[in-house]
Every structure is written in structure tokens, then in C-alpha cells.
Amino acid sequence: MTRTPVRHQTDGMADDHHLNTFIASLPRPWRERSGVFYLPLWSDSMKGRDWSRRLKQLGREVQPGARKVLEDSGFETTVNIFRIIAILTARHKSSPLRDIFKTPPAEVGCLLREQLLARHLRLMHLSHVVIAHKPIQGNLLVIRENELTTCHERDPVDLGQQAYGIAYMVHEVAIPIAAVA
């Protein structure tokens with residue numbers, strides 16, 4: 001008889017953080033197809049203020065503008081949501097793929113910042129990734145080398161001639177805590 005362990009909610013937050021950290025430790029925690037990078041993310045109920053502390057502990061700087069977004073009441077957190085995120089490169093700027101994908105929550109910016117290391121961005125040939133979430137205080141979150149920052153919603157790609165990506169949500173699934181082994 002096979003026993004399936006049941007994860008308790010108090011254990012889940014630490015487990016989810018370790019899962020995202022494990023994924024980040026992979027040489028390439030994404031799949032690439034036709035210039036689109038697909039990444040798995042797992043939410044763990046981390047609040048915006050707590051994200052600032054966690055990212056700082058991981059050696060990733062949170063700029064003041066990003067901190068304001070994280071502390072805003074419009075920043076929503078989720079628990080036990082598994083998402084597939086697509087990062088479209090500049091060559092997909094006017095691609096119909098943008099219309100197929102969904103708007104991710106701002107929380108995805110923190111999850112991606114936790115997971116994508118500077119070396120990952122270099123391997124993807126990207127200088128930064130703009131999160132295509134609903135703007136908070138007129139800003140979008142942006143992942144750069146070792147920081148989480150923001151850009152104005154009206155000029156999300158006016159970040160110079162550098163290679164950039166834009167993150168959208170492909171799919172999300174809520175997983176009941178008892179179902180996660």
C-alpha cells in the first residue's frame with residue numbers, strides 16, 4: 001500500500017519557497033520554443049512586504065518604486081496556485097500570441113524575480129523582463145540583473161535598445177493543499 005503524505009498549510013509556505021528555489025537552481029528552469037520561454041511558478045501566500053525581505057535575503061535588490069507596488073493594497077497574493085508563465089521576446093512584440101495569453105497578477109513579478117537569476121537572464125539573452133500585470137500606481141514590475149524595479153505602464157518597452165522580454169500567464173491551476181504530496 002502506497003501512502004501519500006498530506007501537506008499541512010503551515011508546512012506549505014516553506015515547501016513552496018524551497019520548490020521555487022530548487023527550480024531556480026536548475027541550469028535552465030524554462031523551456032524555450034520559437035523564442036518564447038515557458039516557466040513553472042508556484043505561489044505560496046507571501047505578502048508584498050514579506051517579498052521585499054525574502055528577495056533581499058536572496059541577494060536581489062528591491063528598488064523603492066517596486067517596494068511601493070508590493071506594499072500597495074492592489075498587490076494580491078495567492079496560495080497554492082501553479083502557473084505556467086510565457087516570456088515573449090521583442091521579436092514577438094506584435095505577435096498574436098500576446099492576445100492568447102492572460103494578464104498575470106503582480107505577484108508573478110516576485111515569483112519570477114525569486115526564480116530567475118542574473119545568469120538565467122544572460123542565457124535567455126535578455127537584459128530585463130517586464131511583467132504584463134494590471135498596473136499598480138501606474139507602474140509595472142520589471143526584473144533586471146539582480147533587482148526588482150518598475151517602469152511606467154505607458155512606456156513598458158521604452159527601456160533602451162536592450163533585449164527584453166514580456167511575461168504573460170499561459171495557464172493557472174489551484175491545487176488543494178491536501179492534494180499536494
# chains A, B, ... in the order shown; residues from 1 in each chain; ligands from 1
call {"tool": "residues_around", "arguments": {"residues": "Ala174 in chain A", "least_positions_apart": "5", "cutoff": "12 Å", "atoms": "only C-alpha atoms", "output": "JSON list (two decimals) with C-alpha atoms, in the first residue's frame"}}
result
[["chain", "number", "residue", "atom", "x", "y", "z"],
["A", 41, "LEU", "CA", 5.76, 29.04, -10.87],
["A", 42, "TRP", "CA", 4.17, 28.08, -7.58],
["A", 43, "SER", "CA", 2.57, 30.68, -5.27],
["A", 44, "ASP", "CA", 2.98, 30.46, -1.52],
["A", 78, "THR", "CA", -2.37, 33.68, -3.85],
["A", 79, "VAL", "CA", -1.86, 30.32, -2.19],
["A", 80, "ASN", "CA", -1.12, 27.03, -3.94],
["A", 81, "ILE", "CA", -1.59, 28.30, -7.46],
["A", 82, "PHE", "CA", 0.55, 26.60, -10.07],
["A", 83, "ARG", "CA", 1.15, 28.79, -13.11],
["A", 179, "ALA", "CA", -3.79, 17.09, -2.80],
["A", 180, "VAL", "CA", -0.17, 18.23, -2.85]]
call {"tool": "residues_around", "arguments": {"residues": "range 59-70 of chain A", "least_positions_apart": "3", "cutoff": "12 Å", "atoms": "only C-alpha atoms", "output": "ChimeraX atom specification"}}
result
/A:46-56,73-77,105-110,112-118,131,133-152
call {"tool": "select_by_dssp", "arguments": {"residues": "range 3-176 of chain A", "states": "strand (DSSP E or B)", "output": "PyMOL selection string"}}
result
chain A and resi 31-33+36-44+61-62+79-89+102+128-131+136+139-144+147-152+164-174
call {"tool": "write_last_selection", "arguments": {"atoms": "N, CA and C atoms", "output": "short mmCIF file (atom, residue, chain, number, x, y, z; two decimals), in the first residue's frame"}}
result
data_model
loop_
_atom_site.label_atom_id
_atom_site.label_comp_id
_atom_site.auth_asym_id
_atom_site.auth_seq_id
_atom_site.Cartn_x
_atom_site.Cartn_y
_atom_site.Cartn_z
N ARG A 31 11.53 26.16 -20.55
CA ARG A 31 11.52 25.51 -21.86
C ARG A 31 11.40 26.63 -22.87
N GLU A 32 12.14 26.52 -23.95
CA GLU A 32 12.08 27.56 -24.99
C GLU A 32 11.53 26.94 -26.26
N ARG A 33 10.58 27.63 -26.83
CA ARG A 33 10.01 27.18 -28.10
C ARG A 33 9.75 28.41 -28.97
N VAL A 36 9.96 31.82 -27.35
CA VAL A 36 9.11 32.06 -26.18
C VAL A 36 9.62 31.15 -25.06
N PHE A 37 9.85 31.73 -23.89
CA PHE A 37 10.34 30.97 -22.74
C PHE A 37 9.16 30.65 -21.82
N TYR A 38 9.00 29.39 -21.46
CA TYR A 38 7.92 28.94 -20.58
C TYR A 38 8.51 28.50 -19.25
N LEU A 39 7.96 29.03 -18.15
CA LEU A 39 8.47 28.71 -16.82
C LEU A 39 7.32 28.32 -15.89
N PRO A 40 7.56 27.34 -15.01
CA PRO A 40 6.57 26.99 -13.99
C PRO A 40 6.77 27.86 -12.74
N LEU A 41 5.70 28.28 -12.12
CA LEU A 41 5.76 29.04 -10.87
C LEU A 41 4.73 28.49 -9.90
N TRP A 42 5.05 28.59 -8.63
CA TRP A 42 4.17 28.08 -7.58
C TRP A 42 4.01 29.17 -6.52
N SER A 43 2.78 29.60 -6.25
CA SER A 43 2.57 30.68 -5.27
C SER A 43 2.52 30.11 -3.85
N ASP A 44 2.90 30.94 -2.90
CA ASP A 44 2.98 30.46 -1.52
C ASP A 44 2.43 31.44 -0.49
N GLU A 61 17.96 42.95 -5.13
CA GLU A 61 17.57 44.27 -4.65
C GLU A 61 16.14 44.59 -5.07
N VAL A 62 15.39 45.24 -4.18
CA VAL A 62 14.04 45.72 -4.49
C VAL A 62 14.11 47.24 -4.46
N VAL A 79 -2.39 31.48 -2.88
CA VAL A 79 -1.86 30.32 -2.19
C VAL A 79 -2.08 29.09 -3.06
N ASN A 80 -1.04 28.30 -3.21
CA ASN A 80 -1.12 27.03 -3.94
C ASN A 80 -1.69 27.16 -5.34
N ILE A 81 -1.22 28.15 -6.06
CA ILE A 81 -1.59 28.30 -7.46
C ILE A 81 -0.36 27.96 -8.29
N PHE A 82 -0.52 26.99 -9.16
CA PHE A 82 0.55 26.60 -10.07
C PHE A 82 0.29 27.32 -11.39
N ARG A 83 1.31 28.02 -11.88
CA ARG A 83 1.15 28.79 -13.11
C ARG A 83 2.24 28.44 -14.11
N ILE A 84 1.89 28.54 -15.37
CA ILE A 84 2.88 28.49 -16.44
C ILE A 84 2.95 29.91 -16.99
N ILE A 85 4.16 30.45 -17.00
CA ILE A 85 4.38 31.82 -17.47
C ILE A 85 5.13 31.76 -18.80
N ALA A 86 4.73 32.61 -19.73
CA ALA A 86 5.43 32.72 -21.01
C ALA A 86 6.11 34.08 -21.06
N ILE A 87 7.39 34.06 -21.41
CA ILE A 87 8.13 35.31 -21.60
C ILE A 87 8.34 35.45 -23.10
N LEU A 88 7.67 36.44 -23.67
CA LEU A 88 7.80 36.72 -25.09
C LEU A 88 8.95 37.69 -25.29
N THR A 89 9.79 37.40 -26.26
CA THR A 89 10.91 38.28 -26.55
C THR A 89 10.45 39.40 -27.48
N LYS A 102 -2.82 35.37 -20.87
CA LYS A 102 -3.58 36.15 -19.90
C LYS A 102 -2.68 37.13 -19.15
N HIS A 128 16.25 42.43 -19.33
CA HIS A 128 15.19 42.60 -18.35
C HIS A 128 13.90 41.96 -18.86
N VAL A 129 12.98 41.74 -17.91
CA VAL A 129 11.67 41.17 -18.22
C VAL A 129 10.62 42.06 -17.58
N VAL A 130 9.69 42.54 -18.39
CA VAL A 130 8.57 43.36 -17.91
C VAL A 130 7.41 42.41 -17.62
N ILE A 131 6.80 42.53 -16.44
CA ILE A 131 5.66 41.70 -16.09
C ILE A 131 4.40 42.42 -16.58
N ILE A 136 -0.14 48.89 -11.18
CA ILE A 136 -0.38 49.34 -9.81
C ILE A 136 0.33 50.67 -9.66
N ASN A 139 2.39 51.69 -12.59
CA ASN A 139 3.66 51.03 -12.86
C ASN A 139 3.52 49.53 -13.07
N LEU A 140 4.49 48.99 -13.80
CA LEU A 140 4.62 47.55 -14.00
C LEU A 140 5.94 47.12 -13.35
N LEU A 141 5.97 45.91 -12.81
CA LEU A 141 7.20 45.38 -12.24
C LEU A 141 8.14 44.95 -13.36
N VAL A 142 9.43 45.12 -13.14
CA VAL A 142 10.46 44.76 -14.11
C VAL A 142 11.56 44.01 -13.38
N ILE A 143 11.99 42.91 -13.96
CA ILE A 143 13.12 42.14 -13.44
C ILE A 143 14.34 42.54 -14.24
N ARG A 144 15.40 42.91 -13.54
CA ARG A 144 16.69 43.19 -14.18
C ARG A 144 17.73 42.30 -13.53
N GLU A 147 17.80 42.80 -9.60
CA GLU A 147 16.88 43.68 -8.91
C GLU A 147 15.46 43.55 -9.45
N LEU A 148 14.53 44.00 -8.61
CA LEU A 148 13.14 44.14 -9.00
C LEU A 148 12.88 45.64 -9.01
N THR A 149 12.46 46.15 -10.14
CA THR A 149 12.24 47.59 -10.28
C THR A 149 10.91 47.80 -10.99
N THR A 150 10.65 49.00 -11.47
CA THR A 150 9.39 49.29 -12.16
C THR A 150 9.64 50.11 -13.41
N CYS A 151 8.63 50.14 -14.26
CA CYS A 151 8.62 51.06 -15.39
C CYS A 151 7.19 51.60 -15.49
N HIS A 152 7.02 52.71 -16.15
CA HIS A 152 5.69 53.30 -16.29
C HIS A 152 4.87 52.48 -17.27
N TYR A 164 14.74 42.61 -24.34
CA TYR A 164 13.83 42.48 -23.21
C TYR A 164 12.80 41.39 -23.49
N GLY A 165 12.11 40.98 -22.45
CA GLY A 165 11.02 40.04 -22.57
C GLY A 165 9.81 40.59 -21.84
N ILE A 166 8.64 40.10 -22.20
CA ILE A 166 7.40 40.50 -21.52
C ILE A 166 6.73 39.22 -21.03
N ALA A 167 6.44 39.18 -19.73
CA ALA A 167 5.89 37.97 -19.11
C ALA A 167 4.36 38.01 -19.07
N TYR A 168 3.76 36.95 -19.60
CA TYR A 168 2.31 36.75 -19.58
C TYR A 168 2.02 35.42 -18.90
N MET A 169 0.77 35.19 -18.56
CA MET A 169 0.36 33.93 -17.96
C MET A 169 -0.28 33.06 -19.03
N VAL A 170 0.17 31.82 -19.11
CA VAL A 170 -0.40 30.87 -20.05
C VAL A 170 -1.55 30.12 -19.40
N HIS A 171 -1.30 29.67 -18.17
CA HIS A 171 -2.29 28.81 -17.50
C HIS A 171 -2.07 28.89 -16.00
N GLU A 172 -3.14 28.71 -15.24
CA GLU A 172 -3.01 28.60 -13.79
C GLU A 172 -4.00 27.57 -13.26
N VAL A 173 -3.57 26.87 -12.25
CA VAL A 173 -4.39 25.82 -11.64
C VAL A 173 -4.28 25.96 -10.12
N ALA A 174 -5.42 25.96 -9.44
CA ALA A 174 -5.41 25.96 -7.97
C ALA A 174 -5.30 24.51 -7.51
#
call {"tool": "atom_distance", "arguments": {"atom1": "CA of Ser34 in chain A", "atom2": "CA of Leu111 in chain A"}}
result
23.6 Å
call {"tool": "closest_residue", "arguments": {"among": "A:Pro29, A:Ile175, A:Leu58, A:Ala90", "to": "Leu126 in chain A", "atoms": "only C-alpha atoms"}}
result
A:Ala90
call {"tool": "decode", "arguments": {"residues": "range 51-66 of chain A", "atoms": "N, CA and C atoms", "output": "PDB file, in the first residue's frame"}}
result
ATOM      1  N   TRP A  51       7.741  39.901   0.605  1.00  0.00           N
ATOM      2  CA  TRP A  51       8.516  39.656  -0.609  1.00  0.00           C
ATOM      3  C   TRP A  51       9.773  40.520  -0.617  1.00  0.00           C
ATOM      4  N   SER A  52       9.666  41.754  -0.183  1.00  0.00           N
ATOM      5  CA  SER A  52      10.842  42.631  -0.129  1.00  0.00           C
ATOM      6  C   SER A  52      11.941  42.000   0.711  1.00  0.00           C
ATOM      7  N   ARG A  53      11.566  41.484   1.881  1.00  0.00           N
ATOM      8  CA  ARG A  53      12.555  40.852   2.770  1.00  0.00           C
ATOM      9  C   ARG A  53      13.130  39.579   2.153  1.00  0.00           C
ATOM     10  N   ARG A  54      12.255  38.739   1.601  1.00  0.00           N
ATOM     11  CA  ARG A  54      12.717  37.473   1.024  1.00  0.00           C
ATOM     12  C   ARG A  54      13.687  37.715  -0.124  1.00  0.00           C
ATOM     13  N   LEU A  55      13.328  38.620  -1.021  1.00  0.00           N
ATOM     14  CA  LEU A  55      14.198  38.883  -2.168  1.00  0.00           C
ATOM     15  C   LEU A  55      15.537  39.466  -1.717  1.00  0.00           C
ATOM     16  N   LYS A  56      15.498  40.322  -0.701  1.00  0.00           N
ATOM     17  CA  LYS A  56      16.753  40.883  -0.188  1.00  0.00           C
ATOM     18  C   LYS A  56      17.629  39.783   0.400  1.00  0.00           C
ATOM     19  N   GLN A  57      17.021  38.837   1.124  1.00  0.00           N
ATOM     20  CA  GLN A  57      17.777  37.707   1.680  1.00  0.00           C
ATOM     21  C   GLN A  57      18.415  36.862   0.576  1.00  0.00           C
ATOM     22  N   LEU A  58      17.785  36.814  -0.575  1.00  0.00           N
ATOM     23  CA  LEU A  58      18.313  36.051  -1.706  1.00  0.00           C
ATOM     24  C   LEU A  58      19.336  36.850  -2.515  1.00  0.00           C
ATOM     25  N   GLY A  59      19.612  38.084  -2.085  1.00  0.00           N
ATOM     26  CA  GLY A  59      20.596  38.909  -2.773  1.00  0.00           C
ATOM     27  C   GLY A  59      20.050  39.661  -3.967  1.00  0.00           C
ATOM     28  N   ARG A  60      18.728  39.823  -4.010  1.00  0.00           N
ATOM     29  CA  ARG A  60      18.098  40.558  -5.099  1.00  0.00           C
ATOM     30  C   ARG A  60      17.549  41.869  -4.540  1.00  0.00           C
ATOM     31  N   GLU A  61      17.957  42.946  -5.125  1.00  0.00           N
ATOM     32  CA  GLU A  61      17.571  44.274  -4.647  1.00  0.00           C
ATOM     33  C   GLU A  61      16.137  44.593  -5.066  1.00  0.00           C
ATOM     34  N   VAL A  62      15.393  45.241  -4.181  1.00  0.00           N
ATOM     35  CA  VAL A  62      14.039  45.715  -4.489  1.00  0.00           C
ATOM     36  C   VAL A  62      14.106  47.239  -4.462  1.00  0.00           C
ATOM     37  N   GLN A  63      13.965  47.849  -5.625  1.00  0.00           N
ATOM     38  CA  GLN A  63      14.053  49.301  -5.746  1.00  0.00           C
ATOM     39  C   GLN A  63      12.834  49.961  -5.078  1.00  0.00           C
ATOM     40  N   PRO A  64      12.966  51.222  -4.655  1.00  0.00           N
ATOM     41  CA  PRO A  64      11.858  51.905  -3.965  1.00  0.00           C
ATOM     42  C   PRO A  64      10.530  51.884  -4.734  1.00  0.00           C
ATOM     43  N   GLY A  65      10.563  52.077  -6.054  1.00  0.00           N
ATOM     44  CA  GLY A  65       9.315  52.043  -6.828  1.00  0.00           C
ATOM     45  C   GLY A  65       8.652  50.678  -6.773  1.00  0.00           C
ATOM     46  N   ALA A  66       9.443  49.625  -6.833  1.00  0.00           N
ATOM     47  CA  ALA A  66       8.901  48.261  -6.747  1.00  0.00           C
ATOM     48  C   ALA A  66       8.365  48.000  -5.343  1.00  0.00           C
TER      49      ALA A  66
END
